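Data block below; observations after.
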Amino acid sequence: MRHQRALAAVGLASLLLVALPASPAAAHGYVNAPPSRQADCAQGRVGDCGPIVWEPQSVEGPKGQKNCPGGLPQFAQLSDETKAWPATPVGRRVEFTWTLTARHATTTWEYFIGETRIAVFDDHGGRPAATVRHTVDLGAHTGRQKVLAVWNIADTPMAFYNCVDLDVGTSLRATDPNSRRQAGWEPGTAPSRWHRL
Ligand SMILES: [Cu+2]
């Protein structure tokens with residue numbers, strides 16, 4: 001009886017070994033606040049996005065890229081600049097929140113505007129929490145900006161890519177400089193959502 005049980009356990013273990021690599025790698029992560037383009041698609045704020053609506057966490061491509069879909073043709077809509085991507089109004093300091101559906105060992109998290117890396121956070125190969133937050137200083141970048149947020153995985157050649165559309169400081173641009181400084185440019189200002197109609 002004990003022997004049978006052991007055999008059953010071995011059988012189960014080999015089943016798992018076979019099943020794990022075959023299961024779809026559907027669990028990774030994405031920036032949900034301020035919403036990334038894949039979040040806008042998945043949550044219906046932008047239409048005609050293609051299959052990204054089913055898996056906003058799956059924009060995974062080789063490291064070192066500077067594009068929204070991570071080089072994946074099936075997610076090419078993410079780099080379509082003719083779409084009306086909503087830009088979240090923010091101050092100079094922005095807290096980015098990642099939702100991770102799989103907590104992969106991590107080297108770094110990087111944030112770019114164009115070719116400029118504006119922030120990097122080093123996890124030294126550690127395993128992140130299911131929710132990851134980074135506060136990024138946008139520096140002198142104002143107005144409409146497209147931030148590329150990248151999650152670099154430690155034990156694979158892959159990274160996860162997110163484009164996040166922001167409207168930096170513009171909601172208060174028309175007001176006098178003092179109130180703008182107090183209200184819009186203070187660290188920790190919570191970005192409010194704004195839907196471009
Ligand atoms: Cu994953």
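Note on naming: chains are A, B, ... as they come in the structure tokens, residues start from 1 per chain, ligands start from 1 in the order shown.
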- Message: Please find the residues contacting ligand 1 at a distance of at most 10 Å between atoms, with only C-alpha atoms and all ligand atoms counted, and report them as a VMD selection string.
- Response: chain A and resid 24 to 29 57 to 60 100 to 105 153 158 to 160
- Query: range 81-83 of chain A: which residues within 8 Å, counting only C-alpha atoms, same-chain residues fewer than 2 positions away excluded, as a PyMOL selection string?
  - Reply: chain A and resi 46+79+85
If you keep N, CA and C atoms, can you produce a file of those selected residues as a short mmCIF file (atom, residue, chain, number, x, y, z; two decimals), in the first residue's frame?
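And here's again_21.cif as it stands now:
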data_model
loop_
_atom_site.label_atom_id
_atom_site.label_comp_id
_atom_site.auth_asym_id
_atom_site.auth_seq_id
_atom_site.Cartn_x
_atom_site.Cartn_y
_atom_site.Cartn_z
N VAL A 46 -9.67 52.19 -24.53
CA VAL A 46 -9.25 52.33 -25.92
C VAL A 46 -9.71 51.07 -26.65
N SER A 79 1.79 50.42 -30.15
CA SER A 79 2.64 51.52 -30.63
C SER A 79 1.95 52.34 -31.70
N TRP A 85 -4.86 57.53 -27.06
CA TRP A 85 -4.44 57.03 -25.74
C TRP A 85 -4.70 58.11 -24.69
#
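We find CA of Val136 in chain A and CA of Phe121 in chain A to be spaced 9.8 Å apart.
Using only C-alpha atoms, the shortest contact distance between Lys146 in chain A and any of A:Gly44, A:Gly126, A:Gly61, A:Pro34 is found at A:Pro34.
Using only C-alpha atoms, the contacts of Asp167 in chain A at a cut-off of 6 Å, with sequence neighbours closer than 4 positions omitted, comprise Ala87, Thr88, Pro89, Gly143 and Arg144 of chain A.
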Could you turn the residues from that selection into a file that holds N, CA, C and O atoms, as a compact mmCIF listing (two decimals), in the first residue's frame?
# COMPACT_ATOMS: atom_id res chain seq x y z
N ALA A 87 -4.10 60.38 -21.63
CA ALA A 87 -2.90 60.76 -20.87
C ALA A 87 -3.31 61.15 -19.46
O ALA A 87 -4.14 62.04 -19.28
N THR A 88 -2.74 60.46 -18.48
CA THR A 88 -3.10 60.73 -17.09
C THR A 88 -2.42 62.01 -16.62
O THR A 88 -1.19 62.13 -16.72
N PRO A 89 -3.19 62.99 -16.09
CA PRO A 89 -2.55 64.19 -15.55
C PRO A 89 -1.77 63.89 -14.27
O PRO A 89 -2.30 63.23 -13.37
N GLY A 143 4.27 68.48 -20.09
CA GLY A 143 3.32 68.28 -21.18
C GLY A 143 3.07 66.79 -21.42
O GLY A 143 3.30 65.95 -20.56
N ARG A 144 2.64 66.49 -22.62
CA ARG A 144 2.34 65.09 -22.92
C ARG A 144 3.63 64.31 -23.09
O ARG A 144 4.51 64.69 -23.87
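Restricting the calculation to only C-alpha atoms, the smallest distance between Ile113 in chain A and any of A:Val164, A:Val132, A:Val94, A:Ala42 is found for A:Val164.
Coordinates place CA of Pro51 in chain A at a distance of 25.1 Å from CA of Trp109 in chain A.
Closest approach to Ala33 in chain A among A:Glu55, A:Asp165, A:Glu115, A:Asp80 is made by A:Asp165 (distances from only C-alpha atoms).
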- For Cys41 in chain A: contacts at 12 Å, only C-alpha atoms, fewer than 3 positions along chain excluded, given as a list in words: Asn32, Pro35, Ser36, Arg37, Gln38, Gly44, Arg45, Val46, Gly47, Asp48, Cys49, Gly50, Pro51, Ile52, Val53, Trp54, Glu55, Pro56, Gln57, Phe75, Gln77, Leu78, Lys83, Ala84, Trp85, Pro86 and Cys163 of chain A
Restricting the output to C-alpha atoms, write the selected residues as a PDB file, in the first residue's frame.
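Output saved as part.pdb:
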ATOM      1  CA  ASN A  32      -1.852  49.377 -13.936  1.00  0.00           C
ATOM      2  CA  PRO A  35      -2.696  53.023 -16.621  1.00  0.00           C
ATOM      3  CA  SER A  36      -0.369  51.681 -19.279  1.00  0.00           C
ATOM      4  CA  ARG A  37      -1.597  51.286 -22.841  1.00  0.00           C
ATOM      5  CA  GLN A  38      -2.243  47.595 -22.244  1.00  0.00           C
ATOM      6  CA  GLY A  44     -11.943  49.192 -22.504  1.00  0.00           C
ATOM      7  CA  ARG A  45     -10.814  52.831 -22.496  1.00  0.00           C
ATOM      8  CA  VAL A  46      -9.251  52.329 -25.917  1.00  0.00           C
ATOM      9  CA  GLY A  47     -10.845  50.118 -28.545  1.00  0.00           C
ATOM     10  CA  ASP A  48      -9.625  47.899 -31.382  1.00  0.00           C
ATOM     11  CA  CYS A  49      -6.526  46.763 -29.503  1.00  0.00           C
ATOM     12  CA  GLY A  50      -6.365  43.143 -30.597  1.00  0.00           C
ATOM     13  CA  PRO A  51      -5.452  40.231 -28.303  1.00  0.00           C
ATOM     14  CA  ILE A  52      -3.740  42.402 -25.679  1.00  0.00           C
ATOM     15  CA  VAL A  53      -7.186  42.923 -24.117  1.00  0.00           C
ATOM     16  CA  TRP A  54      -7.024  39.339 -22.821  1.00  0.00           C
ATOM     17  CA  GLU A  55      -3.502  39.466 -21.413  1.00  0.00           C
ATOM     18  CA  PRO A  56      -2.213  42.958 -20.553  1.00  0.00           C
ATOM     19  CA  GLN A  57       0.453  41.249 -18.416  1.00  0.00           C
ATOM     20  CA  PHE A  75       0.597  43.524 -29.822  1.00  0.00           C
ATOM     21  CA  GLN A  77      -1.486  48.234 -31.685  1.00  0.00           C
ATOM     22  CA  LEU A  78       0.323  49.368 -28.511  1.00  0.00           C
ATOM     23  CA  LYS A  83      -5.030  55.904 -31.301  1.00  0.00           C
ATOM     24  CA  ALA A  84      -6.502  58.276 -28.693  1.00  0.00           C
ATOM     25  CA  TRP A  85      -4.439  57.034 -25.741  1.00  0.00           C
ATOM     26  CA  PRO A  86      -5.685  58.827 -22.602  1.00  0.00           C
ATOM     27  CA  CYS A 163       4.028  52.501 -22.404  1.00  0.00           C
TER      28      CYS A 163
END
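Per DSSP on the backbone, alpha helix (DSSP H) in range 11-181 of chain A comprises A:Gly11, A:Leu12, A:Ala13, A:Ser14, A:Leu15, A:Leu16, A:Leu17, A:Val18, A:Ala19, A:Leu20, A:Pro21, A:Ala22, A:Arg37, A:Gln38, A:Ala39, A:Asp40, A:Cys41, A:Ala42, A:Pro177, A:Asn178, A:Ser179, A:Arg180, A:Arg181.
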Any chance you could list, as a PDB file with C-alpha atoms, in the first residue's frame, the residues in range 108-151 of chain A that come up strand (DSSP E or B) when DSSP is run on the backbone?
ATOM      1  CA  THR A 108      16.067  46.026 -12.569  1.00  0.00           C
ATOM      2  CA  TRP A 109      13.041  48.169 -13.303  1.00  0.00           C
ATOM      3  CA  GLU A 110      13.777  50.955 -15.778  1.00  0.00           C
ATOM      4  CA  TYR A 111      11.845  54.034 -16.886  1.00  0.00           C
ATOM      5  CA  PHE A 112      12.572  55.856 -20.135  1.00  0.00           C
ATOM      6  CA  ILE A 113      11.329  58.940 -21.934  1.00  0.00           C
ATOM      7  CA  THR A 116      16.684  58.940 -21.819  1.00  0.00           C
ATOM      8  CA  ARG A 117      16.562  56.633 -18.811  1.00  0.00           C
ATOM      9  CA  ILE A 118      14.880  58.742 -16.148  1.00  0.00           C
ATOM     10  CA  ALA A 119      14.934  56.136 -13.344  1.00  0.00           C
ATOM     11  CA  VAL A 120      16.229  52.683 -12.450  1.00  0.00           C
ATOM     12  CA  PHE A 121      15.431  50.499  -9.429  1.00  0.00           C
ATOM     13  CA  ASP A 122      17.699  47.521  -8.717  1.00  0.00           C
ATOM     14  CA  THR A 131       2.316  44.772  -6.163  1.00  0.00           C
ATOM     15  CA  VAL A 132       5.374  46.922  -6.888  1.00  0.00           C
ATOM     16  CA  ARG A 133       5.477  50.709  -6.571  1.00  0.00           C
ATOM     17  CA  HIS A 134       8.158  53.128  -7.747  1.00  0.00           C
ATOM     18  CA  THR A 135       8.196  56.905  -7.399  1.00  0.00           C
ATOM     19  CA  VAL A 136       9.825  58.475 -10.435  1.00  0.00           C
ATOM     20  CA  ASP A 137      10.901  62.105 -10.824  1.00  0.00           C
ATOM     21  CA  GLY A 143       3.322  68.281 -21.181  1.00  0.00           C
ATOM     22  CA  ARG A 144       2.337  65.094 -22.922  1.00  0.00           C
ATOM     23  CA  GLN A 145       4.957  62.394 -22.378  1.00  0.00           C
ATOM     24  CA  LYS A 146       5.169  58.681 -23.142  1.00  0.00           C
ATOM     25  CA  VAL A 147       7.037  56.791 -20.445  1.00  0.00           C
ATOM     26  CA  LEU A 148       8.377  53.338 -21.267  1.00  0.00           C
ATOM     27  CA  ALA A 149       8.426  51.193 -18.100  1.00  0.00           C
ATOM     28  CA  VAL A 150      10.545  48.030 -18.292  1.00  0.00           C
ATOM     29  CA  TRP A 151      10.725  45.028 -15.929  1.00  0.00           C
TER      30      TRP A 151
END
- Message: Could you tell me how far CA of Thr97 in chain A sits from CA of Tyr30 in chain A, in Å to one decimal place?
- Response: 8.5 Å
